[in-house]
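What follows is the content of coords.cif, which has mmCIF, C-alpha atoms:
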data_my_file
#
loop_
_atom_site.label_atom_id
_atom_site.label_comp_id
_atom_site.auth_asym_id
_atom_site.auth_seq_id
_atom_site.Cartn_x
_atom_site.Cartn_y
_atom_site.Cartn_z
CA LYS J 785 -14.40 48.48 8.98
CA GLY J 786 -14.26 45.39 6.73
CA LYS J 787 -17.62 46.26 5.19
CA GLU J 788 -16.38 49.74 4.33
CA ILE J 789 -13.17 48.47 2.71
CA LEU J 790 -14.95 45.81 0.68
CA GLU J 791 -17.94 48.08 0.02
CA LYS J 792 -20.32 45.44 1.28
CA SER J 793 -23.89 45.87 2.46
CA ASP J 794 -25.43 44.03 5.41
CA ASP J 795 -25.60 40.80 3.40
CA TYR J 796 -23.08 38.06 4.17
CA ASP J 797 -21.91 35.34 1.82
CA LEU J 798 -19.90 33.41 4.39
CA LEU J 799 -19.77 33.24 8.13
CA PHE J 800 -17.27 31.37 10.29
CA LEU J 801 -18.23 30.21 13.77
CA THR J 802 -15.63 28.92 16.18
CA TYR J 803 -16.34 26.96 19.33
CA ASP J 804 -14.38 25.62 22.25
CA ASP J 805 -16.43 22.55 23.14
CA ILE J 806 -16.71 19.85 20.47
CA ASP J 807 -19.77 18.40 22.21
CA LYS J 808 -21.77 21.58 21.47
CA VAL J 809 -21.29 21.41 17.69
CA GLU J 810 -24.60 19.66 16.96
CA SER J 811 -26.62 22.06 19.10
CA ILE J 812 -24.90 25.09 17.51
CA VAL J 813 -25.65 23.75 14.01
CA ASN J 814 -29.31 23.17 14.95
CA ASP J 815 -29.62 26.66 16.45
CA VAL J 816 -28.18 28.30 13.34
CA GLN J 817 -30.45 26.24 11.06
CA LYS J 818 -33.51 27.27 13.11
CA TYR J 819 -32.50 30.92 13.12
CA PHE J 820 -32.20 31.04 9.32
CA ASN J 821 -35.24 28.75 8.70
CA ASN J 822 -33.06 26.05 7.10
CA GLN J 823 -32.15 28.42 4.22
CA VAL J 824 -28.39 28.26 4.77
CA THR J 825 -25.77 25.65 4.03
CA ILE J 826 -23.67 24.76 7.03
CA LEU J 827 -20.27 23.12 6.66
CA ASN J 828 -19.51 21.52 9.96
CA SER J 829 -15.85 20.72 10.59
CA LEU J 830 -16.83 17.39 12.14
CA GLU J 831 -18.76 16.45 9.00
CA ILE J 832 -15.79 17.45 6.85
CA ILE J 833 -13.52 15.28 9.01
CA LYS J 834 -15.98 12.36 8.71
CA SER J 835 -16.08 12.78 4.92
CA LEU J 836 -12.28 12.92 4.74
CA THR J 837 -12.01 9.86 6.96
CA LYS J 838 -14.38 7.90 4.67
CA PHE J 839 -12.36 9.02 1.65
CA ILE J 840 -9.06 7.98 3.27
CA ILE J 841 -10.54 4.59 4.30
CA GLY J 842 -11.70 4.07 0.71
CA ILE J 843 -8.25 4.91 -0.66
CA SER J 844 -6.59 2.65 1.95
CA THR J 845 -8.89 -0.24 1.04
CA PHE J 846 -8.15 0.25 -2.67
CA ILE J 847 -4.38 0.34 -2.04
CA SER J 848 -4.59 -2.72 0.25
CA SER J 849 -6.44 -4.68 -2.44
CA ILE J 850 -3.74 -3.74 -4.97
CA ALA J 851 -1.06 -4.86 -2.48
CA ILE J 852 -2.78 -8.22 -1.90
CA PHE J 853 -3.16 -8.75 -5.64
CA SER J 854 0.53 -7.89 -6.12
CA LEU J 855 1.54 -10.41 -3.45
CA ILE J 856 -0.52 -13.12 -5.15
CA VAL J 857 0.99 -12.32 -8.55
CA GLY J 858 4.49 -12.23 -7.01
CA SER J 859 3.91 -15.62 -5.35
CA ILE J 860 2.79 -17.16 -8.62
CA GLY J 861 5.86 -15.65 -10.31
CA ILE J 862 8.17 -17.21 -7.70
CA ILE J 863 6.47 -20.61 -8.07
CA ILE J 864 6.89 -20.53 -11.85
CA THR J 865 10.50 -19.28 -11.64
CA ILE J 866 11.60 -21.91 -9.12
CA TYR J 867 9.76 -24.70 -10.95
CA THR J 868 11.45 -23.66 -14.21
CA SER J 869 14.79 -23.59 -12.41
CA VAL J 870 14.21 -27.12 -11.08
CA VAL J 871 13.34 -28.41 -14.57
CA GLU J 872 16.34 -26.70 -16.18
CA ARG J 873 18.74 -27.90 -13.50
CA THR J 874 17.64 -31.51 -13.30
CA ARG J 875 21.09 -32.68 -14.42
CA GLU J 876 22.76 -30.49 -11.79
CA ILE J 877 20.45 -31.97 -9.12
CA GLY J 878 21.44 -35.48 -10.28
CA ILE J 879 25.17 -34.62 -10.07
CA ILE J 880 24.80 -33.09 -6.58
CA LYS J 881 22.91 -36.16 -5.37
CA ALA J 882 25.42 -38.54 -7.00
CA LEU J 883 28.19 -36.73 -5.11
CA GLY J 884 26.38 -37.25 -1.78
CA GLY J 885 24.00 -34.30 -1.65
CA THR J 886 20.84 -34.98 0.34
CA ASN J 887 17.25 -34.00 -0.31
CA ARG J 888 17.67 -31.34 2.36
CA VAL J 889 20.59 -29.74 0.46
CA ILE J 890 18.54 -29.54 -2.75
CA LEU J 891 15.52 -28.22 -0.86
CA GLY J 892 17.65 -25.55 0.84
CA MET J 893 19.25 -24.56 -2.46
CA PHE J 894 15.92 -23.81 -4.16
CA LEU J 895 14.33 -22.24 -1.06
CA THR J 896 17.32 -19.87 -0.83
CA GLU J 897 16.72 -18.90 -4.45
CA SER J 898 13.04 -18.20 -3.76
CA VAL J 899 13.91 -16.07 -0.70
CA PHE J 900 16.41 -14.05 -2.76
CA LEU J 901 13.77 -13.51 -5.44
CA GLY J 902 11.34 -12.27 -2.78
CA ILE J 903 13.91 -9.95 -1.18
CA ILE J 904 14.89 -8.45 -4.55
CA GLY J 905 11.19 -7.98 -5.42
CA ALA J 906 10.48 -6.35 -2.04
CA MET J 907 13.46 -3.99 -2.34
CA LEU J 908 12.44 -2.96 -5.85
CA GLY J 909 8.85 -2.47 -4.66
CA ILE J 910 9.96 -0.26 -1.76
CA VAL J 911 12.23 1.84 -4.00
CA PHE J 912 9.55 2.28 -6.68
CA GLY J 913 6.93 2.97 -3.98
CA PHE J 914 9.17 5.66 -2.47
CA LEU J 915 9.85 7.32 -5.84
CA GLY J 916 6.26 6.88 -7.05
CA SER J 917 4.76 8.47 -3.94
CA HIS J 918 6.95 11.55 -4.36
CA VAL J 919 6.12 11.84 -8.07
CA LEU J 920 2.37 11.37 -7.52
CA LEU J 921 2.21 13.82 -4.62
CA SER J 922 4.23 16.45 -6.51
CA GLY J 923 2.01 16.02 -9.59
CA PHE J 924 -1.13 16.24 -7.45
CA LEU J 925 0.01 19.48 -5.81
CA TYR J 926 1.18 20.91 -9.16
CA PHE J 927 -2.10 20.24 -11.00
CA LEU J 928 -4.18 21.58 -8.11
CA ASN J 929 -1.84 24.59 -7.97
CA LEU J 930 -1.47 24.28 -4.21
CA PRO J 931 1.49 26.12 -2.65
CA LEU J 932 2.03 23.44 -0.01
CA ASP J 933 5.05 21.45 1.08
CA ILE J 934 3.65 17.97 1.73
CA TYR J 935 5.86 14.90 1.84
CA PRO J 936 4.93 11.21 2.03
CA VAL J 937 5.52 9.52 5.37
CA PHE J 938 7.25 6.14 5.48
CA ASN J 939 6.98 4.02 8.61
CA ILE J 940 10.04 1.79 9.12
CA VAL J 941 8.03 -0.65 11.27
CA GLU J 942 5.40 -1.11 8.52
CA ILE J 943 8.09 -1.50 5.85
CA SER J 944 9.80 -4.13 8.04
CA LYS J 945 6.49 -5.99 8.40
CA ILE J 946 6.10 -5.98 4.62
CA GLY J 947 9.64 -7.36 4.29
CA ILE J 948 8.88 -10.19 6.71
CA VAL J 949 5.60 -11.02 4.93
CA VAL J 950 7.41 -11.10 1.57
CA ILE J 951 10.14 -13.44 2.89
CA VAL J 952 7.59 -15.82 4.45
CA LEU J 953 5.50 -15.75 1.28
CA SER J 954 8.62 -16.42 -0.80
CA ILE J 955 9.43 -19.48 1.31
CA PHE J 956 5.89 -20.84 0.96
CA SER J 957 5.87 -20.10 -2.78
CA GLY J 958 9.16 -21.90 -3.37
CA LEU J 959 8.35 -24.81 -1.09
CA TYR J 960 6.47 -27.04 -3.55
CA PRO J 961 8.86 -26.72 -6.53
CA ALA J 962 11.85 -27.06 -4.17
CA TYR J 963 10.32 -30.19 -2.64
CA LYS J 964 9.70 -31.65 -6.11
CA GLY J 965 13.31 -30.89 -7.03
CA SER J 966 14.63 -32.55 -3.88
CA LYS J 967 12.72 -35.77 -4.66
CA ILE J 968 14.27 -36.20 -8.13
CA SER J 969 16.15 -39.46 -8.35
CA PRO J 970 19.83 -39.02 -9.30
CA VAL J 971 19.64 -42.01 -11.66
CA ASN J 972 16.64 -40.54 -13.54
CA ALA J 973 18.18 -37.06 -13.57
CA LEU J 974 21.47 -38.24 -15.06
CA SER J 975 19.97 -40.82 -17.44
CA LYS J 976 17.67 -38.16 -18.84
CA TYR J 977 20.66 -36.27 -20.27
CA SER J 978 22.99 -39.17 -21.13
#
As a first step, turn the structure in this file into structure tokens.
Amino acid sequence: KGKEILEKSDDYDLLFLTYDDIDKVESIVNDVQKYFNNQVTILNSLEIIKSLTKFIIGISTFISSIAIFSLIVGSIGIIITIYTSVVERTREIGIIKALGGTNRVILGMFLTESVFLGIIGAMLGIVFGFLGSHVLLSGFLYFLNLPLDIYPVFNIVEISKIGIVVIVLSIFSGLYPAYKGSKISPVNALSKYS
């Protein structure tokens, strides 16, 4: 009936084969190749899945490398920011120490700053990642002219892990400049600005 409607002869451009047992795919492909003397192109769903998996792994690796690079850049930014803060607030450190503040108080003050910087950076990253994924996916579907409703998936557990990593990294990044700030002598700090 289909041949009559489409006015087709006995030639076929495309043939779909379905199978119930995934283990028989290779033998079916070999049988079809033998039957047509290797003069046909066979798209095997398993091969397509393997190709898609390789593509997704490649994309994931690329995105992971960008994320690692971003974390390194963010850590360097926190180190520079906290070190600059220590230098600019040397007089304040001297006053706090002269009033009885300990090294631990100064250390805690600058570590708290570095953690806040990390949390703000992580929150901005999550917000921009959320918005950017929607924009990129919408643009991708629009330019390919695909009538699909696909939405990015966000895993709360993974986002929480990222938050924890950012906080720990912020603490480590701020540790050295905060330690240097806590070791400033109150006499030197105050005499520097007198």
Checklist outcome for this item: Counting all atoms listed in the file, closest pick from J:Val813, J:Leu891, J:Ile841, J:Thr874 relative to J:Tyr963 is J:Leu891
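As for atom CA of J:Ser944 and atom CA of J:Val911, they are spaced 13.7 Å apart.
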Next on the checklist: Can you translate the PyMOL selection byres ((chain J and resi 934) around 12) into the concrete residues it hits in this file, as a VMD selection string?
Outcome noted: chain J and resid 917 to 926 930 to 933 935 to 937
Written file, previous selection with C-alpha atoms, as an mmCIF file, keeping the file's coordinate frame:
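This went into part.cif:
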data_model
loop_
_atom_site.group_PDB
_atom_site.id
_atom_site.type_symbol
_atom_site.label_atom_id
_atom_site.label_comp_id
_atom_site.auth_asym_id
_atom_site.auth_seq_id
_atom_site.Cartn_x
_atom_site.Cartn_y
_atom_site.Cartn_z
ATOM 1 C CA SER J 917 4.760 8.470 -3.940
ATOM 2 C CA HIS J 918 6.950 11.550 -4.360
ATOM 3 C CA VAL J 919 6.120 11.840 -8.070
ATOM 4 C CA LEU J 920 2.370 11.370 -7.520
ATOM 5 C CA LEU J 921 2.210 13.820 -4.620
ATOM 6 C CA SER J 922 4.230 16.450 -6.510
ATOM 7 C CA GLY J 923 2.010 16.020 -9.590
ATOM 8 C CA PHE J 924 -1.130 16.240 -7.450
ATOM 9 C CA LEU J 925 0.010 19.480 -5.810
ATOM 10 C CA TYR J 926 1.180 20.910 -9.160
ATOM 11 C CA LEU J 930 -1.470 24.280 -4.210
ATOM 12 C CA PRO J 931 1.490 26.120 -2.650
ATOM 13 C CA LEU J 932 2.030 23.440 -0.010
ATOM 14 C CA ASP J 933 5.050 21.450 1.080
ATOM 15 C CA TYR J 935 5.860 14.900 1.840
ATOM 16 C CA PRO J 936 4.930 11.210 2.030
ATOM 17 C CA VAL J 937 5.520 9.520 5.370
#
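You will find atom CA of J:Val899 at 16.6 Å from atom CA of J:Ser854.
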Checklist entry - Expressed in Å to a single decimal, how great is the separation between atom CA of J:Ser957 and atom CA of J:Gly858? => result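 About the pair atom CA of J:Ser957 and atom CA of J:Gly858: they are 9.0 Å apart.
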Item to check | Test item: the PyMOL selection byres ((chain J and resi 907) around 12) resolved as a ChimeraX atom specification | outcome: /J:900-906,908-914,943-944,946-948,950-951
Checklist entry - the PyMOL selection byres ((chain J and resi 861) around 12) on the file shown: which residues, as a PyMOL selection string? => result chain J and resi 854-860+862-868+898+901-902+905+953-954+957-958
